[in-house]
Structure formats: structure tokens, C-alpha cells
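**Q** This structure is in C-alpha cells; I'll ask about it shortly.
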Amino acid sequence: MDVKQEVKERYAEVARTGTGCCGERASQAVGYSQQELAAAPQGADLGLGCGNPTAFARLKQGETVLDLGSGPGLDCLLAARAVGPAGYVIGVDMTAEMLERARANAAQVGAANLEFRQGEIENLPVADASVDVVISNCVINLCPDKPRVFREVARVLKPGGRLHLSDIVLNGELPQQLQQSAEAYTACIAGAWQKADYLRAIADAGLSQVEVEREMVPDMVAHQSDPIMQRVAPLLRNPDGSSRILSIQVRALKK
């Protein structure tokens with residue numbers, strides 16, 4: 001399975017059609033307020049996230065923010081508003097169709113302190129020690145080389161900078177059929193790591209004070225309109241009934 005190609009194709013199609021997996025109900029379930037969603041252009045929220053990293057990042061006026069896997073631009077737009085005219089936001093995504101949609105959304109609201117760059121999050125098109133905050137929302141699980149992503153985060157953060165991300169991790173072993181499923185990979189499941197391994201990779205990249213700020217079981221009801229999730233949902237329970245996947249909000253600092 002060519003993981004990157006599968007991911008590109010799926011999210012290019014999402015960008016072209018403007019139909020994500022779940023929409024506003026799913027976004028509210030993972031932490032976006034009605035006010036945040038109402039302020040964003042139609043099409044900026046495709047229900048692709050598993051959290052709301054900007055809500056935890058406590059962004060300050062004048063900060064420079066980098067969003068890994070920026071998609072249609074929702075988190076970048078929220079961050080741009082939070083850091084104000086003196087701040088700046090960079091969104092990085094590898095899918096040309098998503099970048100086109102994100103740039104259109106930014107233009108629609110006149111976000112002048114925001115730009116989108118095409119690139120892979122394992123090789124960020126961003127200078128060393130140039131950003132105050134890195135955010136990411138349900139993207140790193142899609143990357144085969146997660147340790148390299150976290151090393152890139154450490155590289156681009158300024159000393160004292162911080163990481164705030166939302167992602168899917170495992171809480172138990174996935175059935176073999178899910179591990180080998182391209183659909184499950186692009187649905188942010190098959191590429192997920194065990195929680196402990198994921199957090200260890202952040203620390204091994206040189207970031208400190210790695211902390212889980214929030215942990216929750218994804219709301220499958222909010223995802224019931226997604227045909228992929230309908231197929232995989234019955235396989236996402238451990239024998240004891242607990243969920244095999246978790247959505248976590250993580251923070252870390254660069255010394």
C-alpha cells in the first residue's frame with residue numbers, strides 16, 4: 001500500500017467535493033464552538049478534525065503559528081484571528097486541492113496574516129527556530145514517519161515555543177483486517193500508534209513537558225454519515241468493551 005498516495009487521493013477528493021466525513025456535528029463533538037464554526041467560511045469545516053488545538057493553544061497577539069496538515073484552513077483561520085495583525089499563521093499541506101480550497105477560504109474573509117505552503121510535514125518548508133506555536137489536528141497519524149515529523153516540529157520551533165496537537169492514538173491492538181486496510185488508514189485509524197509510543201516519540205524528538213491535556217473516545221454517532229466509519233466502527237472495540245482508539249490533545253515545549 002502506497003500510504004501517501006492513498007492519503008493524497010482521498011483528501012483531494014474531499015477537497016474537490018467539499019464533503020468531509022462528518023460535518024459540523026462532528027466538529028462540535030470534538031470541541032469547536034458554534035461561534036467559531038459560524039465565523040468561518042462555508043467549506044472551511046469539513047469535519048476532518050479530532051479536536052480543536054487552537055482552543056488549547058492559548059494563542060497570543062503577535063505570535064507566529066504553524067499548522068501541520070492545514071486542510072481547508074479552519075484552524076489557520078481561527079489562529080489568524082487569535083494572533084491578530086501583528087501575528088502570522090502558516091499552513092502546510094501536501095494536497096494541492098486542499099491548498100486551493102484553503103486559500104479561497106482565507107481570501108473570502110480577508111485574512112492578510114495567513115499563508116499556505118505546499119509540502120510534507122516530514123520535510124517542512126519552514127525555517128529553523130521561526131515559529132512560536134505548532135498546531136496540528138488529526139494529521140500526524142496519517143504520516144508513516146512520525147518521529148521525523150516531531151523532529152521537524154522541534155527544528156522549526158523557537159526556544160520556549162510550544163506544540164499543541166490533536167490526534168488519534170491506539171488503546172489496544174487493531175484487528176489484522178484494519179491494519180491492512182487502506183480505507184482504515186485514510187480514516188485516521190490504521191496509521192495510529194499506541195498512545196505511549198506516540199508520546200515517547202515527541203519526547204525523543206527533544207521536546208519537554210509532554211502532557212495529555214484531554215483524552216476522549218471519538219463520538220461514533222457524530223461520524224455515522226461516513227461510510228468508511230460505518231464499516232470499521234464494529235471493529236473498534238476491545239474485548240472488554242473499551243474503545244481501541246482515543247482522541248488526545250497533547251502539549252509539549254521546546255527548551
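Each chain in the C-alpha cells gets a letter, A, B, ..., in the order shown, and its residues are numbered from 1; ligands are numbered from 1 in order too.
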Just the residues within 10 Å of A:Gln28, please, counting only C-alpha atoms, with nothing from its chain fewer than 6 positions along; format it as a PDB file with C-alpha atoms, in the first residue's frame.
**A**
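See around-v4.pdb below for the written result:
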ATOM      1  CA  GLN A  34     -20.940  27.221  17.248  1.00  0.00           C
ATOM      2  CA  GLU A  36     -16.155  29.502  15.792  1.00  0.00           C
ATOM      3  CA  LEU A  37     -17.842  27.484  13.065  1.00  0.00           C
ATOM      4  CA  GLY A  47     -15.464  17.616   9.780  1.00  0.00           C
ATOM      5  CA  GLY A  51     -10.050  18.034  18.399  1.00  0.00           C
ATOM      6  CA  ASN A  52      -9.681  21.808  18.438  1.00  0.00           C
ATOM      7  CA  ALA A 222     -21.274  12.055  15.021  1.00  0.00           C
TER       8      ALA A 222
END
**Q** Please return as a list in words: the residues of stretch 57-141 of chain A that backbone DSSP assigns to strand (DSSP E or B).
**A**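 Filtering stretch 57-141 of chain A down to strand (DSSP E or B) leaves Thr64, Val65, Leu66, Asp67, Leu68, Tyr88, Val89, Ile90, Gly91, Val92, Asp93, Leu114, Glu115, Phe116, Arg117, Gln118, Glu120, Asn123, Val131, Asp132, Val133, Val134, Ile135, Ser136 and Asn137 of chain A.
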**Q** Identify, with DSSP run on backbone atoms, the residues in stretch 1-51 of chain A assigned to helix (DSSP H, G or I), and express the list as a ChimeraX atom specification.
**A** /A:3-17,24-29,34-39
**Q** How would the residues just picked look written out with N, CA and C atoms as a PDB file, in the first residue's frame?
**A**
ATOM      1  N   VAL A   3       1.041   4.540   1.090  1.00  0.00           N
ATOM      2  CA  VAL A   3       0.267   5.300   2.071  1.00  0.00           C
ATOM      3  C   VAL A   3       0.049   6.741   1.629  1.00  0.00           C
ATOM      4  N   LYS A   4       1.107   7.408   1.234  1.00  0.00           N
ATOM      5  CA  LYS A   4       0.980   8.824   0.876  1.00  0.00           C
ATOM      6  C   LYS A   4       0.043   9.022  -0.300  1.00  0.00           C
ATOM      7  N   GLN A   5       0.117   8.147  -1.280  1.00  0.00           N
ATOM      8  CA  GLN A   5      -0.761   8.273  -2.436  1.00  0.00           C
ATOM      9  C   GLN A   5      -2.216   8.058  -2.044  1.00  0.00           C
ATOM     10  N   GLU A   6      -2.461   7.081  -1.195  1.00  0.00           N
ATOM     11  CA  GLU A   6      -3.834   6.832  -0.716  1.00  0.00           C
ATOM     12  C   GLU A   6      -4.380   8.059   0.011  1.00  0.00           C
ATOM     13  N   VAL A   7      -3.542   8.646   0.867  1.00  0.00           N
ATOM     14  CA  VAL A   7      -3.978   9.823   1.623  1.00  0.00           C
ATOM     15  C   VAL A   7      -4.228  10.992   0.684  1.00  0.00           C
ATOM     16  N   LYS A   8      -3.311  11.226  -0.252  1.00  0.00           N
ATOM     17  CA  LYS A   8      -3.482  12.327  -1.199  1.00  0.00           C
ATOM     18  C   LYS A   8      -4.773  12.183  -1.997  1.00  0.00           C
ATOM     19  N   GLU A   9      -5.033  10.986  -2.482  1.00  0.00           N
ATOM     20  CA  GLU A   9      -6.216  10.774  -3.304  1.00  0.00           C
ATOM     21  C   GLU A   9      -7.498  10.989  -2.520  1.00  0.00           C
ATOM     22  N   ARG A  10      -7.515  10.466  -1.281  1.00  0.00           N
ATOM     23  CA  ARG A  10      -8.742  10.623  -0.510  1.00  0.00           C
ATOM     24  C   ARG A  10      -9.008  12.090  -0.190  1.00  0.00           C
ATOM     25  N   TYR A  11      -7.982  12.808   0.261  1.00  0.00           N
ATOM     26  CA  TYR A  11      -8.213  14.184   0.688  1.00  0.00           C
ATOM     27  C   TYR A  11      -8.315  15.149  -0.485  1.00  0.00           C
ATOM     28  N   ALA A  12      -7.755  14.789  -1.618  1.00  0.00           N
ATOM     29  CA  ALA A  12      -8.000  15.577  -2.831  1.00  0.00           C
ATOM     30  C   ALA A  12      -9.474  15.484  -3.214  1.00  0.00           C
ATOM     31  N   GLU A  13     -10.041  14.284  -3.108  1.00  0.00           N
ATOM     32  CA  GLU A  13     -11.458  14.107  -3.426  1.00  0.00           C
ATOM     33  C   GLU A  13     -12.339  14.865  -2.440  1.00  0.00           C
ATOM     34  N   VAL A  14     -11.974  14.835  -1.165  1.00  0.00           N
ATOM     35  CA  VAL A  14     -12.724  15.596  -0.154  1.00  0.00           C
ATOM     36  C   VAL A  14     -12.694  17.079  -0.490  1.00  0.00           C
ATOM     37  N   ALA A  15     -11.517  17.578  -0.873  1.00  0.00           N
ATOM     38  CA  ALA A  15     -11.392  18.993  -1.210  1.00  0.00           C
ATOM     39  C   ALA A  15     -12.203  19.356  -2.442  1.00  0.00           C
ATOM     40  N   ARG A  16     -12.179  18.487  -3.442  1.00  0.00           N
ATOM     41  CA  ARG A  16     -12.922  18.768  -4.689  1.00  0.00           C
ATOM     42  C   ARG A  16     -14.428  18.794  -4.458  1.00  0.00           C
ATOM     43  N   THR A  17     -14.917  17.863  -3.678  1.00  0.00           N
ATOM     44  CA  THR A  17     -16.362  17.753  -3.480  1.00  0.00           C
ATOM     45  C   THR A  17     -16.874  18.637  -2.352  1.00  0.00           C
ATOM     46  N   GLU A  24     -20.460  19.590  10.584  1.00  0.00           N
ATOM     47  CA  GLU A  24     -20.484  20.440  11.774  1.00  0.00           C
ATOM     48  C   GLU A  24     -20.766  19.664  13.054  1.00  0.00           C
ATOM     49  N   ARG A  25     -21.617  18.664  12.987  1.00  0.00           N
ATOM     50  CA  ARG A  25     -21.927  17.904  14.204  1.00  0.00           C
ATOM     51  C   ARG A  25     -20.673  17.265  14.777  1.00  0.00           C
ATOM     52  N   ALA A  26     -19.855  16.702  13.915  1.00  0.00           N
ATOM     53  CA  ALA A  26     -18.610  16.075  14.366  1.00  0.00           C
ATOM     54  C   ALA A  26     -17.653  17.128  14.902  1.00  0.00           C
ATOM     55  N   SER A  27     -17.602  18.300  14.273  1.00  0.00           N
ATOM     56  CA  SER A  27     -16.697  19.350  14.730  1.00  0.00           C
ATOM     57  C   SER A  27     -17.092  19.854  16.113  1.00  0.00           C
ATOM     58  N   GLN A  28     -18.381  20.000  16.347  1.00  0.00           N
ATOM     59  CA  GLN A  28     -18.828  20.396  17.678  1.00  0.00           C
ATOM     60  C   GLN A  28     -18.518  19.316  18.708  1.00  0.00           C
ATOM     61  N   ALA A  29     -18.600  18.056  18.302  1.00  0.00           N
ATOM     62  CA  ALA A  29     -18.334  16.950  19.222  1.00  0.00           C
ATOM     63  C   ALA A  29     -16.885  16.923  19.677  1.00  0.00           C
ATOM     64  N   GLN A  34     -20.080  26.764  18.339  1.00  0.00           N
ATOM     65  CA  GLN A  34     -20.940  27.221  17.248  1.00  0.00           C
ATOM     66  C   GLN A  34     -20.457  28.565  16.712  1.00  0.00           C
ATOM     67  N   GLN A  35     -19.955  29.418  17.628  1.00  0.00           N
ATOM     68  CA  GLN A  35     -19.478  30.733  17.213  1.00  0.00           C
ATOM     69  C   GLN A  35     -18.261  30.607  16.302  1.00  0.00           C
ATOM     70  N   GLU A  36     -17.336  29.701  16.626  1.00  0.00           N
ATOM     71  CA  GLU A  36     -16.155  29.502  15.792  1.00  0.00           C
ATOM     72  C   GLU A  36     -16.546  29.011  14.402  1.00  0.00           C
ATOM     73  N   LEU A  37     -17.444  28.047  14.357  1.00  0.00           N
ATOM     74  CA  LEU A  37     -17.842  27.484  13.065  1.00  0.00           C
ATOM     75  C   LEU A  37     -18.642  28.483  12.242  1.00  0.00           C
ATOM     76  N   ALA A  38     -19.457  29.294  12.918  1.00  0.00           N
ATOM     77  CA  ALA A  38     -20.267  30.288  12.201  1.00  0.00           C
ATOM     78  C   ALA A  38     -19.399  31.389  11.603  1.00  0.00           C
ATOM     79  N   ALA A  39     -18.253  31.674  12.239  1.00  0.00           N
ATOM     80  CA  ALA A  39     -17.382  32.749  11.762  1.00  0.00           C
ATOM     81  C   ALA A  39     -16.515  32.325  10.586  1.00  0.00           C
TER      82      ALA A  39
END
**Q** Counting only C-alpha atoms, which of A:Ile140, A:Val89, A:Leu157, A:Leu163 gets nearest to A:Tyr198?
**A**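 Nearest candidate to A:Tyr198 out of A:Ile140, A:Val89, A:Leu157, A:Leu163: A:Ile140.
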**Q** Could you check the closest approach to A:Leu142 for each of A:Leu66, A:Leu77, A:Ala203, A:Ala187 and tell me which residue wins, using only C-alpha atoms?
**A**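 Looking at the shortest contact to A:Leu142, the residue is A:Ala187.
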**Q** Give the answer as one residue: which of A:Val109, A:Ala40, A:Cys76, A:Ile168 has the shortest atom-to-atom distance to A:Gln194, using only C-alpha atoms?
**A**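 The answer is A:Ile168, which sits nearest to A:Gln194.
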